[in-house]
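This is entry22.cif (mmCIF, N, CA, C and O atoms, pLDDT in the B column; chains and numbers go by the auth columns).
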```
data_target
loop_
_atom_site.group_PDB
_atom_site.id
_atom_site.type_symbol
_atom_site.label_atom_id
_atom_site.label_comp_id
_atom_site.label_asym_id
_atom_site.label_seq_id
_atom_site.Cartn_x
_atom_site.Cartn_y
_atom_site.Cartn_z
_atom_site.B_iso_or_equiv
_atom_site.auth_seq_id
_atom_site.auth_asym_id
ATOM 1 N N MET A 1 4.388 -55.107 -154.157 68.00 180 R
ATOM 2 C CA MET A 1 5.513 -54.556 -154.885 68.00 180 R
ATOM 3 C C MET A 1 6.194 -55.683 -155.647 68.00 180 R
ATOM 4 O O MET A 1 6.474 -56.736 -155.100 68.00 180 R
ATOM 5 N N ALA A 2 6.452 -55.447 -156.908 91.00 181 R
ATOM 6 C CA ALA A 2 7.090 -56.459 -157.751 91.00 181 R
ATOM 7 C C ALA A 2 8.583 -56.163 -157.883 91.00 181 R
ATOM 8 O O ALA A 2 8.998 -55.008 -157.862 91.00 181 R
ATOM 9 N N GLN A 3 9.344 -57.237 -158.020 94.00 182 R
ATOM 10 C CA GLN A 3 10.772 -57.065 -158.262 94.00 182 R
ATOM 11 C C GLN A 3 11.100 -57.579 -159.654 94.00 182 R
ATOM 12 O O GLN A 3 10.619 -58.633 -160.066 94.00 182 R
ATOM 13 N N GLN A 4 11.931 -56.812 -160.366 95.00 183 R
ATOM 14 C CA GLN A 4 12.369 -57.210 -161.692 95.00 183 R
ATOM 15 C C GLN A 4 13.889 -57.172 -161.726 95.00 183 R
ATOM 16 O O GLN A 4 14.507 -56.307 -161.116 95.00 183 R
ATOM 17 N N SER A 5 14.457 -58.116 -162.445 96.00 184 R
ATOM 18 C CA SER A 5 15.906 -58.144 -162.603 96.00 184 R
ATOM 19 C C SER A 5 16.268 -57.849 -164.053 96.00 184 R
ATOM 20 O O SER A 5 15.656 -58.375 -164.970 96.00 184 R
ATOM 21 N N LEU A 6 17.266 -56.991 -164.217 97.00 185 R
ATOM 22 C CA LEU A 6 17.796 -56.664 -165.535 97.00 185 R
ATOM 23 C C LEU A 6 19.247 -57.120 -165.583 97.00 185 R
ATOM 24 O O LEU A 6 19.945 -57.077 -164.577 97.00 185 R
ATOM 25 N N THR A 7 19.697 -57.538 -166.753 96.00 186 R
ATOM 26 C CA THR A 7 21.085 -57.945 -166.949 96.00 186 R
ATOM 27 C C THR A 7 21.744 -56.964 -167.904 96.00 186 R
ATOM 28 O O THR A 7 21.153 -56.593 -168.913 96.00 186 R
ATOM 29 N N PHE A 8 22.972 -56.557 -167.576 94.00 187 R
ATOM 30 C CA PHE A 8 23.703 -55.595 -168.399 94.00 187 R
ATOM 31 C C PHE A 8 24.924 -56.229 -169.035 94.00 187 R
ATOM 32 O O PHE A 8 25.546 -57.113 -168.461 94.00 187 R
ATOM 33 N N GLN A 9 25.280 -55.703 -170.190 94.00 188 R
ATOM 34 C CA GLN A 9 26.563 -55.994 -170.830 94.00 188 R
ATOM 35 C C GLN A 9 27.141 -54.653 -171.252 94.00 188 R
ATOM 36 O O GLN A 9 26.437 -53.830 -171.837 94.00 188 R
ATOM 37 N N GLY A 10 28.401 -54.417 -170.943 94.00 189 R
ATOM 38 C CA GLY A 10 29.059 -53.207 -171.389 94.00 189 R
ATOM 39 C C GLY A 10 29.200 -52.116 -170.345 94.00 189 R
ATOM 40 O O GLY A 10 29.671 -51.030 -170.655 94.00 189 R
ATOM 41 N N VAL A 11 28.796 -52.382 -169.096 95.00 190 R
ATOM 42 C CA VAL A 11 28.989 -51.387 -168.045 95.00 190 R
ATOM 43 C C VAL A 11 30.427 -51.521 -167.548 95.00 190 R
ATOM 44 O O VAL A 11 30.831 -52.565 -167.068 95.00 190 R
ATOM 45 N N LYS A 12 31.190 -50.431 -167.688 94.00 191 R
ATOM 46 C CA LYS A 12 32.611 -50.498 -167.379 94.00 191 R
ATOM 47 C C LYS A 12 33.054 -49.590 -166.246 94.00 191 R
ATOM 48 O O LYS A 12 34.173 -49.703 -165.773 94.00 191 R
ATOM 49 N N SER A 13 32.184 -48.678 -165.811 95.00 192 R
ATOM 50 C CA SER A 13 32.634 -47.720 -164.806 95.00 192 R
ATOM 51 C C SER A 13 31.571 -47.450 -163.746 95.00 192 R
ATOM 52 O O SER A 13 30.375 -47.672 -163.961 95.00 192 R
ATOM 53 N N VAL A 14 32.050 -46.921 -162.622 96.00 193 R
ATOM 54 C CA VAL A 14 31.149 -46.510 -161.546 96.00 193 R
ATOM 55 C C VAL A 14 30.251 -45.373 -162.029 96.00 193 R
ATOM 56 O O VAL A 14 29.080 -45.292 -161.650 96.00 193 R
ATOM 57 N N GLU A 15 30.782 -44.514 -162.880 96.00 194 R
ATOM 58 C CA GLU A 15 29.998 -43.406 -163.418 96.00 194 R
ATOM 59 C C GLU A 15 28.775 -43.923 -164.180 96.00 194 R
ATOM 60 O O GLU A 15 27.669 -43.391 -164.037 96.00 194 R
ATOM 61 N N GLN A 16 28.965 -44.979 -164.973 97.00 195 R
ATOM 62 C CA GLN A 16 27.836 -45.569 -165.704 97.00 195 R
ATOM 63 C C GLN A 16 26.815 -46.154 -164.731 97.00 195 R
ATOM 64 O O GLN A 16 25.614 -45.979 -164.908 97.00 195 R
ATOM 65 N N VAL A 17 27.291 -46.849 -163.712 97.00 196 R
ATOM 66 C CA VAL A 17 26.387 -47.423 -162.702 97.00 196 R
ATOM 67 C C VAL A 17 25.578 -46.308 -162.045 97.00 196 R
ATOM 68 O O VAL A 17 24.364 -46.435 -161.865 97.00 196 R
ATOM 69 N N ASN A 18 26.236 -45.206 -161.700 97.00 197 R
ATOM 70 C CA ASN A 18 25.543 -44.088 -161.055 97.00 197 R
ATOM 71 C C ASN A 18 24.497 -43.466 -161.972 97.00 197 R
ATOM 72 O O ASN A 18 23.398 -43.119 -161.530 97.00 197 R
ATOM 73 N N LYS A 19 24.813 -43.321 -163.248 97.00 198 R
ATOM 74 C CA LYS A 19 23.850 -42.756 -164.207 97.00 198 R
ATOM 75 C C LYS A 19 22.637 -43.663 -164.363 97.00 198 R
ATOM 76 O O LYS A 19 21.502 -43.188 -164.437 97.00 198 R
ATOM 77 N N ILE A 20 22.874 -44.971 -164.425 97.00 199 R
ATOM 78 C CA ILE A 20 21.767 -45.931 -164.545 97.00 199 R
ATOM 79 C C ILE A 20 20.902 -45.885 -163.290 97.00 199 R
ATOM 80 O O ILE A 20 19.676 -45.863 -163.371 97.00 199 R
ATOM 81 N N THR A 21 21.549 -45.866 -162.122 98.00 200 R
ATOM 82 C CA THR A 21 20.805 -45.807 -160.861 98.00 200 R
ATOM 83 C C THR A 21 19.914 -44.577 -160.824 98.00 200 R
ATOM 84 O O THR A 21 18.725 -44.663 -160.491 98.00 200 R
ATOM 85 N N THR A 22 20.462 -43.431 -161.166 98.00 201 R
ATOM 86 C CA THR A 22 19.694 -42.183 -161.159 98.00 201 R
ATOM 87 C C THR A 22 18.525 -42.255 -162.129 98.00 201 R
ATOM 88 O O THR A 22 17.399 -41.872 -161.789 98.00 201 R
ATOM 89 N N ALA A 23 18.773 -42.749 -163.340 98.00 202 R
ATOM 90 C CA ALA A 23 17.714 -42.843 -164.348 98.00 202 R
ATOM 91 C C ALA A 23 16.571 -43.740 -163.869 98.00 202 R
ATOM 92 O O ALA A 23 15.395 -43.407 -164.050 98.00 202 R
ATOM 93 N N LEU A 24 16.911 -44.862 -163.252 98.00 203 R
ATOM 94 C CA LEU A 24 15.873 -45.780 -162.769 98.00 203 R
ATOM 95 C C LEU A 24 15.100 -45.179 -161.603 98.00 203 R
ATOM 96 O O LEU A 24 13.872 -45.268 -161.541 98.00 203 R
ATOM 97 N N MET A 25 15.808 -44.562 -160.662 98.00 204 R
ATOM 98 C CA MET A 25 15.144 -44.022 -159.472 98.00 204 R
ATOM 99 C C MET A 25 14.224 -42.844 -159.803 98.00 204 R
ATOM 100 O O MET A 25 13.286 -42.566 -159.054 98.00 204 R
ATOM 101 N N MET A 26 14.462 -42.173 -160.918 97.00 205 R
ATOM 102 C CA MET A 26 13.618 -41.035 -161.296 97.00 205 R
ATOM 103 C C MET A 26 12.321 -41.461 -161.982 97.00 205 R
ATOM 104 O O MET A 26 11.437 -40.628 -162.196 97.00 205 R
ATOM 105 N N LEU A 27 12.193 -42.741 -162.301 98.00 206 R
ATOM 106 C CA LEU A 27 10.989 -43.221 -162.978 98.00 206 R
ATOM 107 C C LEU A 27 9.825 -43.360 -162.004 98.00 206 R
ATOM 108 O O LEU A 27 10.002 -43.784 -160.862 98.00 206 R
ATOM 109 N N ASP A 28 8.635 -43.001 -162.480 96.00 207 R
ATOM 110 C CA ASP A 28 7.422 -43.252 -161.705 96.00 207 R
ATOM 111 C C ASP A 28 7.275 -44.748 -161.495 96.00 207 R
ATOM 112 O O ASP A 28 7.448 -45.521 -162.437 96.00 207 R
ATOM 113 N N GLY A 29 6.962 -45.141 -160.300 97.00 208 R
ATOM 114 C CA GLY A 29 6.722 -46.549 -160.029 97.00 208 R
ATOM 115 C C GLY A 29 7.934 -47.319 -159.558 97.00 208 R
ATOM 116 O O GLY A 29 7.826 -48.499 -159.245 97.00 208 R
ATOM 117 N N VAL A 30 9.102 -46.683 -159.495 98.00 209 R
ATOM 118 C CA VAL A 30 10.295 -47.365 -158.979 98.00 209 R
ATOM 119 C C VAL A 30 10.469 -46.962 -157.521 98.00 209 R
ATOM 120 O O VAL A 30 10.617 -45.780 -157.196 98.00 209 R
ATOM 121 N N ASP A 31 10.443 -47.969 -156.633 97.00 210 R
ATOM 122 C CA ASP A 31 10.608 -47.717 -155.204 97.00 210 R
ATOM 123 C C ASP A 31 12.072 -47.828 -154.785 97.00 210 R
ATOM 124 O O ASP A 31 12.529 -47.089 -153.922 97.00 210 R
ATOM 125 N N SER A 32 12.800 -48.773 -155.386 97.00 211 R
ATOM 126 C CA SER A 32 14.227 -48.916 -155.098 97.00 211 R
ATOM 127 C C SER A 32 14.905 -49.623 -156.265 97.00 211 R
ATOM 128 O O SER A 32 14.267 -50.357 -157.021 97.00 211 R
ATOM 129 N N ALA A 33 16.205 -49.369 -156.386 97.00 212 R
ATOM 130 C CA ALA A 33 16.986 -49.998 -157.456 97.00 212 R
ATOM 131 C C ALA A 33 18.387 -50.291 -156.933 97.00 212 R
ATOM 132 O O ALA A 33 19.072 -49.386 -156.461 97.00 212 R
ATOM 133 N N GLU A 34 18.775 -51.546 -156.976 97.00 213 R
ATOM 134 C CA GLU A 34 20.128 -51.969 -156.625 97.00 213 R
ATOM 135 C C GLU A 34 20.845 -52.235 -157.941 97.00 213 R
ATOM 136 O O GLU A 34 20.522 -53.203 -158.644 97.00 213 R
ATOM 137 N N VAL A 35 21.799 -51.383 -158.284 97.00 214 R
ATOM 138 C CA VAL A 35 22.451 -51.452 -159.589 97.00 214 R
ATOM 139 C C VAL A 35 23.932 -51.773 -159.426 97.00 214 R
ATOM 140 O O VAL A 35 24.607 -51.214 -158.558 97.00 214 R
ATOM 141 N N GLY A 36 24.414 -52.683 -160.270 96.00 215 R
ATOM 142 C CA GLY A 36 25.826 -53.026 -160.316 96.00 215 R
ATOM 143 C C GLY A 36 26.293 -53.105 -161.754 96.00 215 R
ATOM 144 O O GLY A 36 25.536 -52.803 -162.680 96.00 215 R
ATOM 145 N N ARG A 37 27.524 -53.518 -161.952 95.00 216 R
ATOM 146 C CA ARG A 37 28.075 -53.573 -163.312 95.00 216 R
ATOM 147 C C ARG A 37 27.399 -54.621 -164.187 95.00 216 R
ATOM 148 O O ARG A 37 27.421 -54.522 -165.405 95.00 216 R
ATOM 149 N N HIS A 38 26.814 -55.641 -163.575 96.00 217 R
ATOM 150 C CA HIS A 38 26.262 -56.748 -164.358 96.00 217 R
ATOM 151 C C HIS A 38 24.737 -56.778 -164.391 96.00 217 R
ATOM 152 O O HIS A 38 24.156 -57.641 -165.051 96.00 217 R
ATOM 153 N N GLY A 39 24.106 -55.844 -163.672 97.00 218 R
ATOM 154 C CA GLY A 39 22.653 -55.841 -163.708 97.00 218 R
ATOM 155 C C GLY A 39 22.033 -55.017 -162.601 97.00 218 R
ATOM 156 O O GLY A 39 22.727 -54.333 -161.857 97.00 218 R
ATOM 157 N N ALA A 40 20.702 -55.104 -162.523 97.00 219 R
ATOM 158 C CA ALA A 40 19.961 -54.347 -161.519 97.00 219 R
ATOM 159 C C ALA A 40 18.766 -55.152 -161.037 97.00 219 R
ATOM 160 O O ALA A 40 18.170 -55.914 -161.805 97.00 219 R
ATOM 161 N N ASP A 41 18.444 -54.970 -159.770 97.00 220 R
ATOM 162 C CA ASP A 41 17.204 -55.477 -159.196 97.00 220 R
ATOM 163 C C ASP A 41 16.372 -54.258 -158.836 97.00 220 R
ATOM 164 O O ASP A 41 16.821 -53.394 -158.070 97.00 220 R
ATOM 165 N N VAL A 42 15.179 -54.182 -159.413 98.00 221 R
ATOM 166 C CA VAL A 42 14.332 -53.011 -159.255 98.00 221 R
ATOM 167 C C VAL A 42 13.024 -53.413 -158.594 98.00 221 R
ATOM 168 O O VAL A 42 12.356 -54.345 -159.042 98.00 221 R
ATOM 169 N N ASP A 43 12.673 -52.701 -157.521 97.00 222 R
ATOM 170 C CA ASP A 43 11.397 -52.917 -156.832 97.00 222 R
ATOM 171 C C ASP A 43 10.432 -51.808 -157.195 97.00 222 R
ATOM 172 O O ASP A 43 10.823 -50.636 -157.275 97.00 222 R
ATOM 173 N N GLY A 44 9.185 -52.182 -157.418 97.00 223 R
ATOM 174 C CA GLY A 44 8.157 -51.193 -157.715 97.00 223 R
ATOM 175 C C GLY A 44 7.184 -51.716 -158.750 97.00 223 R
ATOM 176 O O GLY A 44 7.162 -52.892 -159.064 97.00 223 R
ATOM 177 N N ARG A 45 6.407 -50.786 -159.274 96.00 224 R
ATOM 178 C CA ARG A 45 5.356 -51.178 -160.222 96.00 224 R
ATOM 179 C C ARG A 45 5.659 -50.740 -161.657 96.00 224 R
ATOM 180 O O ARG A 45 4.812 -50.885 -162.535 96.00 224 R
ATOM 181 N N ALA A 46 6.850 -50.198 -161.903 96.00 225 R
ATOM 182 C CA ALA A 46 7.213 -49.768 -163.258 96.00 225 R
ATOM 183 C C ALA A 46 7.322 -50.977 -164.188 96.00 225 R
ATOM 184 O O ALA A 46 7.769 -52.052 -163.770 96.00 225 R
ATOM 185 N N LYS A 47 6.918 -50.790 -165.431 95.00 226 R
ATOM 186 C CA LYS A 47 6.992 -51.870 -166.415 95.00 226 R
ATOM 187 C C LYS A 47 8.434 -52.110 -166.850 95.00 226 R
ATOM 188 O O LYS A 47 9.229 -51.171 -166.920 95.00 226 R
ATOM 189 N N ARG A 48 8.737 -53.349 -167.160 95.00 227 R
ATOM 190 C CA ARG A 48 10.082 -53.724 -167.607 95.00 227 R
ATOM 191 C C ARG A 48 10.518 -52.897 -168.816 95.00 227 R
ATOM 192 O O ARG A 48 11.647 -52.426 -168.888 95.00 227 R
ATOM 193 N N GLU A 49 9.620 -52.723 -169.759 96.00 228 R
ATOM 194 C CA GLU A 49 9.921 -51.952 -170.973 96.00 228 R
ATOM 195 C C GLU A 49 10.326 -50.518 -170.614 96.00 228 R
ATOM 196 O O GLU A 49 11.238 -49.945 -171.213 96.00 228 R
ATOM 197 N N THR A 50 9.669 -49.930 -169.632 96.00 229 R
ATOM 198 C CA THR A 50 9.981 -48.572 -169.186 96.00 229 R
ATOM 199 C C THR A 50 11.386 -48.510 -168.596 96.00 229 R
ATOM 200 O O THR A 50 12.136 -47.558 -168.848 96.00 229 R
ATOM 201 N N LEU A 51 11.753 -49.517 -167.813 97.00 230 R
ATOM 202 C CA LEU A 51 13.085 -49.567 -167.210 97.00 230 R
ATOM 203 C C LEU A 51 14.162 -49.643 -168.293 97.00 230 R
ATOM 204 O O LEU A 51 15.150 -48.906 -168.265 97.00 230 R
ATOM 205 N N ILE A 52 13.965 -50.547 -169.249 96.00 231 R
ATOM 206 C CA ILE A 52 14.943 -50.736 -170.323 96.00 231 R
ATOM 207 C C ILE A 52 15.062 -49.471 -171.166 96.00 231 R
ATOM 208 O O ILE A 52 16.176 -49.031 -171.490 96.00 231 R
ATOM 209 N N ASN A 53 13.940 -48.852 -171.497 96.00 232 R
ATOM 210 C CA ASN A 53 13.967 -47.623 -172.300 96.00 232 R
ATOM 211 C C ASN A 53 14.730 -46.509 -171.592 96.00 232 R
ATOM 212 O O ASN A 53 15.473 -45.759 -172.229 96.00 232 R
ATOM 213 N N ALA A 54 14.563 -46.394 -170.287 97.00 233 R
ATOM 214 C CA ALA A 54 15.257 -45.347 -169.530 97.00 233 R
ATOM 215 C C ALA A 54 16.768 -45.528 -169.608 97.00 233 R
ATOM 216 O O ALA A 54 17.517 -44.561 -169.742 97.00 233 R
ATOM 217 N N ILE A 55 17.223 -46.771 -169.552 96.00 234 R
ATOM 218 C CA ILE A 55 18.659 -47.048 -169.626 96.00 234 R
ATOM 219 C C ILE A 55 19.170 -46.804 -171.046 96.00 234 R
ATOM 220 O O ILE A 55 20.230 -46.193 -171.240 96.00 234 R
ATOM 221 N N GLU A 56 18.424 -47.241 -172.041 95.00 235 R
ATOM 222 C CA GLU A 56 18.850 -47.055 -173.431 95.00 235 R
ATOM 223 C C GLU A 56 18.918 -45.576 -173.807 95.00 235 R
ATOM 224 O O GLU A 56 19.777 -45.177 -174.593 95.00 235 R
ATOM 225 N N LYS A 57 18.055 -44.750 -173.240 96.00 236 R
ATOM 226 C CA LYS A 57 18.049 -43.309 -173.525 96.00 236 R
ATOM 227 C C LYS A 57 19.331 -42.628 -173.047 96.00 236 R
ATOM 228 O O LYS A 57 19.672 -41.556 -173.510 96.00 236 R
ATOM 229 N N LEU A 58 20.067 -43.260 -172.132 96.00 237 R
ATOM 230 C CA LEU A 58 21.308 -42.692 -171.636 96.00 237 R
ATOM 231 C C LEU A 58 22.425 -42.771 -172.673 96.00 237 R
ATOM 232 O O LEU A 58 23.427 -42.088 -172.543 96.00 237 R
ATOM 233 N N LYS A 59 22.254 -43.626 -173.659 94.00 238 R
ATOM 234 C CA LYS A 59 23.238 -43.818 -174.743 94.00 238 R
ATOM 235 C C LYS A 59 24.651 -44.100 -174.213 94.00 238 R
ATOM 236 O O LYS A 59 25.626 -43.487 -174.613 94.00 238 R
ATOM 237 N N LEU A 60 24.705 -45.051 -173.284 94.00 239 R
ATOM 238 C CA LEU A 60 25.988 -45.449 -172.699 94.00 239 R
ATOM 239 C C LEU A 60 26.621 -46.629 -173.428 94.00 239 R
ATOM 240 O O LEU A 60 27.714 -47.063 -173.066 94.00 239 R
ATOM 241 N N GLY A 61 25.928 -47.173 -174.406 91.00 240 R
ATOM 242 C CA GLY A 61 26.439 -48.347 -175.097 91.00 240 R
ATOM 243 C C GLY A 61 26.244 -49.619 -174.293 91.00 240 R
ATOM 244 O O GLY A 61 26.946 -50.607 -174.496 91.00 240 R
ATOM 245 N N VAL A 62 25.281 -49.593 -173.377 91.00 241 R
ATOM 246 C CA VAL A 62 25.017 -50.740 -172.513 91.00 241 R
ATOM 247 C C VAL A 62 23.896 -51.564 -173.116 91.00 241 R
ATOM 248 O O VAL A 62 22.857 -51.027 -173.502 91.00 241 R
ATOM 249 N N LYS A 63 24.100 -52.860 -173.195 93.00 242 R
ATOM 250 C CA LYS A 63 23.062 -53.769 -173.675 93.00 242 R
ATOM 251 C C LYS A 63 22.279 -54.280 -172.456 93.00 242 R
ATOM 252 O O LYS A 63 22.869 -54.758 -171.497 93.00 242 R
ATOM 253 N N VAL A 64 20.975 -54.141 -172.514 93.00 243 R
ATOM 254 C CA VAL A 64 20.106 -54.510 -171.388 93.00 243 R
ATOM 255 C C VAL A 64 19.190 -55.649 -171.801 93.00 243 R
ATOM 256 O O VAL A 64 18.613 -55.637 -172.874 93.00 243 R
ATOM 257 N N SER A 65 19.091 -56.645 -170.943 91.00 244 R
ATOM 258 C CA SER A 65 18.135 -57.742 -171.200 91.00 244 R
ATOM 259 C C SER A 65 17.460 -58.144 -169.914 91.00 244 R
ATOM 260 O O SER A 65 17.811 -57.691 -168.852 91.00 244 R
#
```

What is this file in structure tokens?
Amino acid sequence: MAQQSLTFQGVKSVEQVNKITTALMMLDGVDSAEVGRHGADVDGRAKRETLINAIEKLKLGVKVS
């Protein structure tokens, strides 16, 4: 199992964190996701690009790197 770290800019609320967590956990290949206001640590086999795309599709105004 691989772990990937993502960094966020622009997450301002618990609601945004919850939406990001849900979006990541629903992806094929994600076993777990620890999400906070400043980033996420994701375990599983999902590709980094897939993780970033899932967050961007939420249109929360969050910058992901």

Practice item. Taking the file as shown, find all residues satisfying the PyMOL selection byres (((chain R and resi 226 and name CA) around 10) and name CA) and write them as a VMD selection string. Key: chain R and resid 181 183 207 to 209 223 to 225 227 to 231

Point to revise | Distance of atom C of Glu194 (chain R) from atom N of Gln182 (chain R), expressed in Å to one decimal place | key: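 About the pair atom N of Gln182 (chain R) and atom C of Glu194 (chain R): they are 24.3 Å apart.
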
Check your understanding: If you run DSSP on the backbone, which residues of chain R are helix (DSSP H, G or I), as a PyMOL selection string?
Key -> chain R and resi 193-204+227-235

Point to revise | Point-to-point distance from CA of Arg216 (chain R) to atom N of Lys191 (chain R), Å rounded to tenths | key: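 Separation of CA of Arg216 (chain R) and atom N of Lys191 (chain R): 6.2 Å.
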
**Study point:** Residue contacts of Val214 (chain R) (8 Å, all atoms listed in the file) excluding same-chain residues fewer than 2 positions away, as a list of chain:residue names
**Key:**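 The contact residues come out as R:Leu185, R:Val196, R:Asn197, R:Ile199, R:Thr200, R:Ser211, R:Ala212, R:Arg216, R:His217, R:Gly218, R:Ala219, R:Asp220, R:Val221.
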
Would you mind exporting N, CA, C and O atoms of the selected residues as an mmCIF file, in the coordinates of the input?
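Wrote again18.cif, looks like this:
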```cif
data_model
loop_
_atom_site.group_PDB
_atom_site.id
_atom_site.type_symbol
_atom_site.label_atom_id
_atom_site.label_comp_id
_atom_site.auth_asym_id
_atom_site.auth_seq_id
_atom_site.Cartn_x
_atom_site.Cartn_y
_atom_site.Cartn_z
ATOM 1 N N LEU R 185 17.266 -56.991 -164.217
ATOM 2 C CA LEU R 185 17.796 -56.664 -165.535
ATOM 3 C C LEU R 185 19.247 -57.120 -165.583
ATOM 4 O O LEU R 185 19.945 -57.077 -164.577
ATOM 5 N N VAL R 196 27.291 -46.849 -163.712
ATOM 6 C CA VAL R 196 26.387 -47.423 -162.702
ATOM 7 C C VAL R 196 25.578 -46.308 -162.045
ATOM 8 O O VAL R 196 24.364 -46.435 -161.865
ATOM 9 N N ASN R 197 26.236 -45.206 -161.700
ATOM 10 C CA ASN R 197 25.543 -44.088 -161.055
ATOM 11 C C ASN R 197 24.497 -43.466 -161.972
ATOM 12 O O ASN R 197 23.398 -43.119 -161.530
ATOM 13 N N ILE R 199 22.874 -44.971 -164.425
ATOM 14 C CA ILE R 199 21.767 -45.931 -164.545
ATOM 15 C C ILE R 199 20.902 -45.885 -163.290
ATOM 16 O O ILE R 199 19.676 -45.863 -163.371
ATOM 17 N N THR R 200 21.549 -45.866 -162.122
ATOM 18 C CA THR R 200 20.805 -45.807 -160.861
ATOM 19 C C THR R 200 19.914 -44.577 -160.824
ATOM 20 O O THR R 200 18.725 -44.663 -160.491
ATOM 21 N N SER R 211 12.800 -48.773 -155.386
ATOM 22 C CA SER R 211 14.227 -48.916 -155.098
ATOM 23 C C SER R 211 14.905 -49.623 -156.265
ATOM 24 O O SER R 211 14.267 -50.357 -157.021
ATOM 25 N N ALA R 212 16.205 -49.369 -156.386
ATOM 26 C CA ALA R 212 16.986 -49.998 -157.456
ATOM 27 C C ALA R 212 18.387 -50.291 -156.933
ATOM 28 O O ALA R 212 19.072 -49.386 -156.461
ATOM 29 N N ARG R 216 27.524 -53.518 -161.952
ATOM 30 C CA ARG R 216 28.075 -53.573 -163.312
ATOM 31 C C ARG R 216 27.399 -54.621 -164.187
ATOM 32 O O ARG R 216 27.421 -54.522 -165.405
ATOM 33 N N HIS R 217 26.814 -55.641 -163.575
ATOM 34 C CA HIS R 217 26.262 -56.748 -164.358
ATOM 35 C C HIS R 217 24.737 -56.778 -164.391
ATOM 36 O O HIS R 217 24.156 -57.641 -165.051
ATOM 37 N N GLY R 218 24.106 -55.844 -163.672
ATOM 38 C CA GLY R 218 22.653 -55.841 -163.708
ATOM 39 C C GLY R 218 22.033 -55.017 -162.601
ATOM 40 O O GLY R 218 22.727 -54.333 -161.857
ATOM 41 N N ALA R 219 20.702 -55.104 -162.523
ATOM 42 C CA ALA R 219 19.961 -54.347 -161.519
ATOM 43 C C ALA R 219 18.766 -55.152 -161.037
ATOM 44 O O ALA R 219 18.170 -55.914 -161.805
ATOM 45 N N ASP R 220 18.444 -54.970 -159.770
ATOM 46 C CA ASP R 220 17.204 -55.477 -159.196
ATOM 47 C C ASP R 220 16.372 -54.258 -158.836
ATOM 48 O O ASP R 220 16.821 -53.394 -158.070
ATOM 49 N N VAL R 221 15.179 -54.182 -159.413
ATOM 50 C CA VAL R 221 14.332 -53.011 -159.255
ATOM 51 C C VAL R 221 13.024 -53.413 -158.594
ATOM 52 O O VAL R 221 12.356 -54.345 -159.042
#
```

Check your understanding: Mind pulling up the distance from atom O of Asp222 (chain R) to atom O of Asp210 (chain R)?
Key ->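 Separation between atom O of Asp210 (chain R) and atom O of Asp222 (chain R): 5.2 Å.
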
Review point. Which polymer residues have any atom within 8 Å of an atom of Lys242 (chain R), counting all atoms listed in the file, with same-chain residues fewer than 2 positions away left out, as a list in words?
Key: Leu185, Thr186, Phe187, Gln188, Gly189, Val190, Arg216, His217, Gly218, Ile234, Glu235, Leu239, Gly240 and Ser244 of chain R

Please, what is the axis-aligned box for every listed atom of region 219-224 of chain R with 5 Å on each side, as centre and edge lengths in Å to one decimal, as lines of an AutoDock Vina configuration file?
```
center_x = 12.8
center_y = -53.3
center_z = -159.7
size_x = 25.9
size_y = 15.3
size_z = 15.7
```

**Study point:** Those in chain R with strand (DSSP E or B) from DSSP, as number ranges by chain
**Key:** R: 181-188, 209-215, 218-223, 242-243
